[in-house]
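> Sharing query_21.txt, compact mmCIF, C-alpha atoms:
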# COMPACT_ATOMS: atom_id res chain seq x y z
CA MET C 1111 9.01 12.37 -5.35
CA LYS C 1112 6.25 11.20 -3.10
CA LYS C 1113 6.08 12.93 0.27
CA GLY C 1114 4.56 11.57 3.44
CA LYS C 1115 2.15 13.13 5.88
CA TYR C 1116 4.92 15.05 7.62
CA GLY C 1117 6.49 16.52 4.48
CA ILE C 1118 9.45 14.11 4.34
CA CYS C 1119 10.12 12.11 1.17
CA LEU C 1120 9.17 8.49 1.65
CA TRP C 1121 12.43 7.16 0.26
CA PHE C 1122 14.26 8.95 3.09
CA TYR C 1123 12.57 6.74 5.69
CA ALA C 1124 13.57 3.65 3.72
CA MET C 1125 17.13 4.93 3.38
CA VAL C 1126 17.38 5.53 7.13
CA ALA C 1127 16.04 2.01 7.76
CA PHE C 1128 18.73 0.41 5.61
CA VAL C 1129 21.47 2.53 7.21
CA LEU C 1130 20.21 1.38 10.62
CA ALA C 1131 20.26 -2.19 9.32
CA PHE C 1132 23.92 -1.82 8.35
CA LEU C 1133 24.76 -0.34 11.74
CA GLY C 1134 23.00 -3.23 13.48
CA GLN C 1135 20.45 -1.04 15.26
CA THR C 1136 17.60 -3.52 15.63
CA LEU C 1137 15.65 -1.50 18.16
CA LEU C 1138 15.80 1.76 16.20
CA CYS C 1139 14.88 -0.04 12.99
CA GLY C 1140 11.92 -1.65 14.76
CA LEU C 1141 10.80 1.73 16.10
CA LEU C 1142 11.06 3.20 12.61
CA LEU C 1143 9.00 0.30 11.28
CA GLY C 1144 6.31 0.98 13.86
CA PHE C 1145 6.28 4.67 12.98
CA VAL C 1146 6.01 3.93 9.27
CA ILE C 1147 3.17 1.46 9.79
CA LEU C 1148 1.17 3.67 12.13
CA ALA C 1149 1.88 7.18 10.88
CA GLU C 1150 2.70 7.06 7.17
CA ARG C 1151 0.56 4.08 6.10
CA ASP C 1152 2.27 3.64 2.72
CA GLU C 1153 2.56 0.08 1.37
CA TRP C 1154 5.77 0.61 -0.59
CA LEU C 1155 7.50 2.26 2.34
CA THR C 1156 6.30 -0.38 4.78
CA LYS C 1157 7.65 -3.13 2.53
CA GLN C 1158 11.07 -1.48 2.31
CA VAL C 1159 11.36 -0.90 6.05
CA ILE C 1160 10.25 -4.48 6.75
CA GLN C 1161 13.06 -5.72 4.47
CA ALA C 1162 15.57 -3.58 6.37
CA PHE C 1163 14.22 -4.82 9.70
CA PHE C 1164 14.51 -8.46 8.63
CA LEU C 1165 18.07 -7.79 7.45
CA THR C 1166 18.87 -6.34 10.87
CA ILE C 1167 17.34 -9.31 12.67
CA PHE C 1168 19.31 -11.72 10.46
CA SER C 1169 22.64 -10.06 11.17
CA SER C 1170 21.85 -9.84 14.90
CA CYS C 1171 20.93 -13.53 15.06
CA VAL C 1172 24.10 -14.57 13.24
CA SER C 1173 26.20 -12.45 15.61
CA ALA C 1174 24.43 -13.98 18.62
CA VAL C 1175 25.00 -17.53 17.38
CA PHE C 1176 28.68 -16.83 16.77
CA GLY C 1177 28.88 -15.25 20.21
CA ILE C 1178 27.54 -18.46 21.72
CA LEU C 1179 29.90 -20.59 19.65
CA SER C 1180 32.86 -18.50 20.76
CA VAL C 1181 32.82 -20.53 23.99
CA PHE C 1182 34.67 -23.20 22.03
CA SER C 1183 37.56 -20.81 21.42
CA ALA C 1184 38.71 -21.47 25.01
CA ILE C 1185 39.92 -24.95 24.01
CA PRO C 1186 43.74 -24.79 24.14
CA PHE C 1187 44.88 -25.98 20.69
CA LEU C 1188 41.63 -25.95 18.76
CA GLY C 1189 40.47 -22.60 20.10
CA GLY C 1190 42.52 -20.46 17.72
CA ILE C 1191 41.22 -22.34 14.69
CA VAL C 1192 37.61 -22.12 15.89
CA ALA C 1193 37.93 -18.40 16.61
CA GLY C 1194 39.50 -17.81 13.19
CA ILE C 1195 36.74 -19.69 11.39
CA LEU C 1196 34.00 -17.90 13.33
CA SER C 1197 35.49 -14.47 12.69
CA PHE C 1198 35.91 -15.29 8.98
CA VAL C 1199 32.28 -16.39 8.60
CA ASN C 1200 31.10 -13.38 10.62
CA GLY C 1201 33.11 -11.14 8.28
CA ILE C 1202 31.50 -12.76 5.24
CA VAL C 1203 28.03 -12.20 6.70
CA SER C 1204 28.88 -8.56 7.45
CA LEU C 1205 30.14 -8.11 3.89
CA LEU C 1206 26.93 -9.62 2.49
CA VAL C 1207 24.85 -7.28 4.64
CA LEU C 1208 26.90 -4.32 3.38
CA ILE C 1209 26.41 -5.38 -0.25
CA PHE C 1210 22.66 -5.85 0.26
CA VAL C 1211 22.40 -2.46 1.95
CA ILE C 1212 24.29 -0.69 -0.86
CA ILE C 1213 22.11 -2.31 -3.51
CA ALA C 1214 18.96 -1.51 -1.53
CA LEU C 1215 20.02 2.11 -1.02
CA THR C 1216 20.57 2.63 -4.74
CA HIS C 1217 17.13 1.20 -5.50
CA VAL C 1218 15.30 3.00 -2.71
CA CYS C 1219 16.75 6.43 -3.57
CA ARG C 1220 15.20 6.01 -7.03
CA GLU C 1221 11.90 5.00 -5.39
CA GLN C 1222 12.12 1.43 -6.62
CA ASP C 1223 11.64 -1.75 -4.64
CA ALA C 1224 14.81 -2.74 -2.74
CA ASN C 1225 14.41 -6.46 -3.59
CA VAL C 1226 16.84 -7.71 -0.95
CA PRO C 1227 17.27 -11.43 -1.71
CA PHE C 1228 15.17 -13.70 0.53
CA PHE C 1229 13.91 -10.78 2.63
CA ALA C 1230 11.78 -9.38 -0.21
CA GLY C 1231 9.78 -12.60 -0.19
CA LEU C 1232 9.44 -12.46 3.58
CA SER C 1233 8.20 -8.89 3.45
CA ASN C 1234 5.65 -9.88 0.81
CA ARG C 1235 4.41 -12.66 3.09
CA ALA C 1236 4.30 -10.29 6.06
CA LEU C 1237 2.11 -7.89 4.09
CA GLY C 1238 -0.09 -10.71 2.83
CA TYR C 1239 0.95 -10.72 -0.81
CA ILE C 1240 0.73 -14.11 -2.46
CA ALA C 1241 2.87 -14.89 -5.48
CA ARG C 1242 0.75 -16.43 -8.17
CA THR C 1243 2.22 -18.84 -10.65
CA VAL C 1244 0.71 -18.63 -14.09
CA TYR C 1245 0.92 -21.75 -16.17
CA THR C 1246 0.51 -21.50 -19.91
CA ASP C 1247 -0.35 -24.30 -22.28
CA GLY C 1248 2.24 -25.45 -24.72
CA PRO C 1249 1.88 -24.70 -28.39
CA SER C 1250 -1.33 -26.09 -29.78
CA GLY C 1251 -1.54 -27.97 -32.98
CA PRO C 1252 0.63 -30.62 -34.58
CA GLN C 1253 4.32 -30.52 -33.92
CA ALA C 1254 6.62 -30.66 -36.92
Transcribe the structure of this file into structure tokens.

Amino acid sequence: MKKGKYGICLWFYAMVAFVLAFLGQTLLCGLLLGFVILAERDEWLTKQVIQAFFLTIFSSCVSAVFGILSVFSAIPFLGGIVAGILSFVNGIVSLLVLIFVIIALTHVCREQDANVPFFAGLSNRALGYIARTVYTDGPSGPQA
């Protein structure tokens, strides 16, 4: 297990970041990201905490949008249907966040990359990694 400058295992920081992402603590996750970038300076750890931070921002934005759309629930007959649909979709998003966090926690505790769908690519872009596509030639020679 790789330990950081302060004697704490690096996977612990990543685990705390994903727990904060599940709890919806955007500010604390952002502060942890700043600490990891400035104090620990580990690429793997930074990538994991960035994924957790993006997951937190995503869930916060979805909740904010549904909060704005809840204005339509004041309509007399249509309001109950709109509120039901919004709460159902918000529940689905919360379930997806929970599933992503559980998968990420199992990977991070084994010191592997979390690979949260969509957010892994964003964290690679944030760190400046460019995915290279390698093209290979087809089989050479006559085809039978």
> Ranking C:Tyr1123, C:Phe1128, C:Phe1163, C:Tyr1116 by minimum distance to C:Leu1215 and counting all atoms listed in the file, which one comes first?
C:Phe1128
> Contacts of stretch 1131-1143 of chain C at 8 Å or less, counting all atoms listed in the file, minus same-chain residues fewer than 4 places along, as a list in words?
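Answer for this query is Tyr1123, Ala1127, Ile1147, Thr1156, Val1159, Ile1160, Ala1162, Phe1163, Leu1165, Thr1166, Ile1167, Ser1169, Ser1170, Val1207, Leu1208 and Val1211 of chain C.
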> Which residues come within 12 Å of stretch 1118-1120 of chain C, counting all atoms listed in the file, excluding same-chain residues fewer than 4 positions away, as a list of chain:residue names?
C:Met1111, C:Lys1112, C:Lys1113, C:Gly1114, C:Ala1124, C:Met1125, C:Val1126, C:Ala1127, C:Val1146, C:Ala1149, C:Glu1150, C:Arg1151, C:Asp1152, C:Glu1153, C:Trp1154, C:Leu1155, C:Thr1156, C:Lys1157, C:Gln1158, C:Val1159, C:Val1218, C:Cys1219, C:Arg1220, C:Glu1221, C:Gln1222
> Would you mind telling me which residue in C:Gln1161, C:Ile1195, C:Leu1179, C:Gly1117 lies nearest to C:Ala1236 when using only C-alpha atoms?
C:Gln1161
> Using atom CA of C:Val1172 and atom CA of C:Ile1213 as the two end points, give the distance in Å to one decimal.
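Taking atom CA of C:Val1172 and atom CA of C:Ile1213, their separation equals 20.9 Å.
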